[in-house]
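Trainee: My structure is in model.pdb, and what it holds is PDB, C-alpha atoms:
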```pdb
ATOM      1  CA  ARG Y 518      75.190 231.077 -12.157
ATOM      2  CA  LEU Y 519      76.718 233.115  -9.362
ATOM      3  CA  CYS Y 520      74.324 234.137  -6.608
ATOM      4  CA  ARG Y 521      73.306 237.782  -6.247
ATOM      5  CA  VAL Y 522      73.820 239.768  -3.026
ATOM      6  CA  GLU Y 523      70.059 239.816  -2.463
ATOM      7  CA  GLU Y 524      69.891 236.009  -2.679
ATOM      8  CA  TRP Y 525      72.873 235.617  -0.329
ATOM      9  CA  VAL Y 526      71.341 237.853   2.328
ATOM     10  CA  ARG Y 527      67.924 236.211   2.020
ATOM     11  CA  ALA Y 528      69.387 232.675   2.229
ATOM     12  CA  CYS Y 529      71.155 233.665   5.435
ATOM     13  CA  GLY Y 530      67.969 235.010   7.017
ATOM     14  CA  SER Y 531      69.646 237.189   9.668
ATOM     15  CA  ARG Y 532      72.961 238.906  10.417
ATOM     16  CA  PHE Y 533      74.636 235.505  10.869
ATOM     17  CA  PRO Y 534      73.276 232.153   9.646
ATOM     18  CA  TYR Y 535      72.278 231.214  13.207
ATOM     19  CA  GLY Y 536      70.916 234.585  14.404
ATOM     20  CA  GLU Y 537      71.617 238.247  15.015
ATOM     21  CA  THR Y 538      74.474 237.877  17.539
ATOM     22  CA  TYR Y 539      77.966 236.614  16.681
ATOM     23  CA  GLN Y 540      78.816 233.300  18.369
ATOM     24  CA  ALA Y 541      82.457 232.227  18.132
ATOM     25  CA  GLY Y 542      82.834 228.603  17.083
ATOM     26  CA  ARG Y 543      79.501 228.255  15.254
ATOM     27  CA  CYS Y 544      81.137 228.866  11.872
ATOM     28  CA  GLN Y 545      84.745 228.494  10.722
ATOM     29  CA  THR Y 546      85.905 231.952  11.818
ATOM     30  CA  GLY Y 547      88.946 233.239  13.651
ATOM     31  CA  ALA Y 548      90.899 230.189  12.409
ATOM     32  CA  ASP Y 549      93.983 229.502  10.295
ATOM     33  CA  ALA Y 550      92.428 227.031   7.855
ATOM     34  CA  VAL Y 551      89.227 226.158   6.027
ATOM     35  CA  VAL Y 552      87.149 223.043   6.682
ATOM     36  CA  ALA Y 553      85.016 220.925   4.359
ATOM     37  CA  ALA Y 554      81.753 222.581   3.334
ATOM     38  CA  GLY Y 555      79.048 221.754   5.882
ATOM     39  CA  ALA Y 556      81.550 220.556   8.517
ATOM     40  CA  ARG Y 557      80.133 222.944  11.121
ATOM     41  CA  PRO Y 558      76.448 222.019  11.576
ATOM     42  CA  GLY Y 559      75.880 225.144  13.703
ATOM     43  CA  CYS Y 560      76.748 227.318  10.705
ATOM     44  CA  ARG Y 561      73.518 226.634   8.859
ATOM     45  CA  SER Y 562      70.727 229.084   8.087
ATOM     46  CA  ARG Y 563      67.093 228.364   8.840
ATOM     47  CA  PHE Y 564      66.762 227.577   5.116
ATOM     48  CA  GLY Y 565      69.410 224.842   5.406
ATOM     49  CA  VAL Y 566      72.207 226.735   3.629
ATOM     50  CA  HIS Y 567      75.663 226.050   5.097
ATOM     51  CA  ASP Y 568      78.717 228.295   5.454
ATOM     52  CA  LEU Y 569      77.305 231.699   4.526
ATOM     53  CA  SER Y 570      79.613 233.101   7.195
ATOM     54  CA  GLY Y 571      83.324 232.315   7.446
ATOM     55  CA  ASN Y 572      85.263 229.395   5.948
ATOM     56  CA  VAL Y 573      85.782 231.030   2.519
ATOM     57  CA  SER Y 574      84.399 234.317   1.294
ATOM     58  CA  GLU Y 575      82.498 233.904  -1.952
ATOM     59  CA  TRP Y 576      82.147 235.960  -5.116
ATOM     60  CA  VAL Y 577      78.618 236.939  -6.090
ATOM     61  CA  GLU Y 578      77.255 238.213  -9.383
ATOM     62  CA  ASP Y 579      77.312 241.814  -8.147
ATOM     63  CA  GLY Y 580      81.144 241.827  -8.238
ATOM     64  CA  VAL Y 581      81.778 241.574  -4.491
ATOM     65  CA  VAL Y 582      82.724 238.795  -2.088
ATOM     66  CA  MET Y 583      80.353 237.940   0.754
ATOM     67  CA  GLY Y 584      80.499 236.287   4.162
ATOM     68  CA  GLY Y 585      84.141 236.739   5.157
ATOM     69  CA  ASP Y 586      86.624 233.895   5.513
ATOM     70  CA  ALA Y 587      88.090 231.609   8.184
ATOM     71  CA  ARG Y 588      90.786 234.109   9.182
ATOM     72  CA  GLN Y 589      88.274 236.852   9.961
ATOM     73  CA  SER Y 590      85.902 237.190  12.889
ATOM     74  CA  GLU Y 591      82.792 238.950  14.193
ATOM     75  CA  GLY Y 592      81.786 241.967  12.042
ATOM     76  CA  LEU Y 593      83.729 240.838   8.987
ATOM     77  CA  VAL Y 594      81.936 237.494   8.736
ATOM     78  CA  SER Y 595      78.320 238.545   8.897
ATOM     79  CA  CYS Y 596      76.071 237.537   6.024
ATOM     80  CA  ARG Y 597      75.870 241.188   5.057
ATOM     81  CA  ALA Y 598      79.654 241.786   5.045
ATOM     82  CA  SER Y 599      81.054 242.370   1.577
ATOM     83  CA  SER Y 600      84.270 243.493  -0.076
ATOM     84  CA  ASP Y 601      85.244 244.313  -3.626
ATOM     85  CA  GLN Y 602      88.493 242.358  -3.250
ATOM     86  CA  GLY Y 603      89.005 238.626  -3.109
ATOM     87  CA  ARG Y 604      91.622 237.152  -0.789
ATOM     88  CA  ALA Y 605      93.490 233.865  -0.589
ATOM     89  CA  LEU Y 606      90.419 232.197   0.960
ATOM     90  CA  THR Y 607      87.871 233.228  -1.684
ATOM     91  CA  GLY Y 608      85.684 230.926  -3.739
ATOM     92  CA  PHE Y 609      82.204 231.046  -5.182
ATOM     93  CA  ARG Y 610      78.797 229.417  -4.842
ATOM     94  CA  CYS Y 611      76.246 228.778  -7.556
ATOM     95  CA  CYS Y 612      72.544 229.576  -7.425
ATOM     96  CA  ALA Y 613      69.830 228.177  -9.657
ATOM     97  CA  ASP Y 614      66.578 229.679 -10.775
ATOM     98  CA  PRO Y 615      63.652 227.583  -9.550
ATOM     99  CA  ALA Y 616      61.778 225.481 -12.063
ATOM    100  CA  TRP Y 617      58.160 226.557 -11.850
ATOM    101  CA  ASP Y 618      56.803 223.773 -14.085
TER
END
```
Turn the structure described in the file into structure tokens.
Mentor:
Amino acid sequence: RLCRVEEWVRACGSRFPYGETYQAGRCQTGADAVVAAGARPGCRSRFGVHDLSGNVSEWVEDGVVMGGDARQSEGLVSCRASSDQGRALTGFRCCADPAWD
């Protein structure tokens, strides 16, 4: 299923996957193209989730796209940034409910 905004923000853990302050070059931001998922090791949250900021923005269940894309920078690529419109660099990510057995 698509992730929810709440799950996205929690998986990120802070304003950006790596902390509260934007650091150019950590994620695929301010660029002309996307890279393979996980290609930027510095763009990983403390929970081990890659690319929550930049690269491609991603649709979530709540009907918005999160995280910004490669062409955007700073404020538009925080883990809390959202838009109700997809762009050329928009995809999606799936979440799973944990098995408690």
Trainee: Once the PyMOL selection byres ((chain Y and resi 550) around 10) has been applied to the shown file, what residues remain in the selection, as a ChimeraX atom specification?
Mentor: /Y:545-549,551-552,572-573,586-588,606
Trainee: Check the smallest atom-to-atom distance from each of Y:Leu569, Y:Val522, Y:Ala556, Y:Cys612 to Y:Cys596 using all atoms listed in the file, then report the winner.
Mentor: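 Among the listed residues, Y:Leu569 lies closest to Y:Cys596.
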Trainee: Apply the PyMOL selection byres ((chain Y and resi 531) around 12) to the file shown and report the selected residues as a ChimeraX atom specification.
Mentor: /Y:525-530,532-539,561-564,569-570,595-598
Trainee: Just the selected residues (C-alpha atoms), exported as a PDB file, keeping the file's coordinate frame, please.
Mentor:
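This went into result_29.pdb:
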```
ATOM      1  CA  TRP Y 525      72.873 235.617  -0.329  1.00  0.00           C
ATOM      2  CA  VAL Y 526      71.341 237.853   2.328  1.00  0.00           C
ATOM      3  CA  ARG Y 527      67.924 236.211   2.020  1.00  0.00           C
ATOM      4  CA  ALA Y 528      69.387 232.675   2.229  1.00  0.00           C
ATOM      5  CA  CYS Y 529      71.155 233.665   5.435  1.00  0.00           C
ATOM      6  CA  GLY Y 530      67.969 235.010   7.017  1.00  0.00           C
ATOM      7  CA  ARG Y 532      72.961 238.906  10.417  1.00  0.00           C
ATOM      8  CA  PHE Y 533      74.636 235.505  10.869  1.00  0.00           C
ATOM      9  CA  PRO Y 534      73.276 232.153   9.646  1.00  0.00           C
ATOM     10  CA  TYR Y 535      72.278 231.214  13.207  1.00  0.00           C
ATOM     11  CA  GLY Y 536      70.916 234.585  14.404  1.00  0.00           C
ATOM     12  CA  GLU Y 537      71.617 238.247  15.015  1.00  0.00           C
ATOM     13  CA  THR Y 538      74.474 237.877  17.539  1.00  0.00           C
ATOM     14  CA  TYR Y 539      77.966 236.614  16.681  1.00  0.00           C
ATOM     15  CA  ARG Y 561      73.518 226.634   8.859  1.00  0.00           C
ATOM     16  CA  SER Y 562      70.727 229.084   8.087  1.00  0.00           C
ATOM     17  CA  ARG Y 563      67.093 228.364   8.840  1.00  0.00           C
ATOM     18  CA  PHE Y 564      66.762 227.577   5.116  1.00  0.00           C
ATOM     19  CA  LEU Y 569      77.305 231.699   4.526  1.00  0.00           C
ATOM     20  CA  SER Y 570      79.613 233.101   7.195  1.00  0.00           C
ATOM     21  CA  SER Y 595      78.320 238.545   8.897  1.00  0.00           C
ATOM     22  CA  CYS Y 596      76.071 237.537   6.024  1.00  0.00           C
ATOM     23  CA  ARG Y 597      75.870 241.188   5.057  1.00  0.00           C
ATOM     24  CA  ALA Y 598      79.654 241.786   5.045  1.00  0.00           C
TER      25      ALA Y 598
END
```
Trainee: Given the choices Y:Gly559, Y:Gly585, Y:Gly608, Y:Pro615, which gets closest to Y:Ala541 if the distance is worked out from all atoms listed in the file?
Mentor: Y:Gly559
Trainee: Out of Y:Arg518, Y:Arg610, Y:Arg543, Y:Arg604, which residue has the shortest atom-to-atom distance to Y:Trp576 when counting all atoms listed in the file?
Mentor: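 Closest to Y:Trp576 of all the choices is Y:Arg610.
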Trainee: Take the PyMOL selection byres ((chain Y and resi 578) around 9), apply it to the structure above, and return the hits as a list of chain:residue names.
Mentor: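 This file, filtered by the PyMOL selection byres ((chain Y and resi 578) around 9), leaves Y:Arg518, Y:Leu519, Y:Cys520, Y:Arg521, Y:Val522, Y:Trp576, Y:Val577, Y:Asp579, Y:Gly580, Y:Val581.
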Trainee: For those residues, write C-alpha atoms to a file as a short mmCIF file (atom, residue, chain, number, x, y, z; two decimals), keeping the file's coordinate frame.
Mentor:
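Listed below is the output, again29.cif:
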```cif
data_model
loop_
_atom_site.label_atom_id
_atom_site.label_comp_id
_atom_site.auth_asym_id
_atom_site.auth_seq_id
_atom_site.Cartn_x
_atom_site.Cartn_y
_atom_site.Cartn_z
CA ARG Y 518 75.19 231.08 -12.16
CA LEU Y 519 76.72 233.12 -9.36
CA CYS Y 520 74.32 234.14 -6.61
CA ARG Y 521 73.31 237.78 -6.25
CA VAL Y 522 73.82 239.77 -3.03
CA TRP Y 576 82.15 235.96 -5.12
CA VAL Y 577 78.62 236.94 -6.09
CA ASP Y 579 77.31 241.81 -8.15
CA GLY Y 580 81.14 241.83 -8.24
CA VAL Y 581 81.78 241.57 -4.49
#
```
Trainee: Extract, using all atoms listed in the file, all DNA, RNA and protein residues at most 8 Å from Y:Ala554, discarding same-chain residues fewer than 3 positions from it, and format them as a list in words.
Mentor: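 My list of contacting residues is Arg557, His567 and Asp568 of chain Y.
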Trainee: What does the distance from atom CA of Y:Cys544 to atom CA of Y:Gln602 come to in Å, to one decimal?
Mentor: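 Separating atom CA of Y:Cys544 from atom CA of Y:Gln602 is a distance of 21.6 Å.
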Trainee: Please, what distance in Å, to one decimal, runs between atom CA of Y:Cys560 and atom CA of Y:Gln540?
Mentor: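 Calculated distance between atom CA of Y:Cys560 and atom CA of Y:Gln540 is 9.9 Å.
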Trainee: From the options Y:Phe609, Y:Ala553, Y:Asp614, Y:Gly571, which residue's atoms come nearest to Y:Leu593, counting all atoms listed in the file?
Mentor: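 Among the listed residues, the smallest separation from Y:Leu593 belongs to Y:Gly571.
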Trainee: What does the distance between atom CA of Y:Ala613 and atom CA of Y:Gly565 come to in Å, to one decimal place?
Mentor: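 Going from atom CA of Y:Ala613 over to atom CA of Y:Gly565 covers 15.4 Å.
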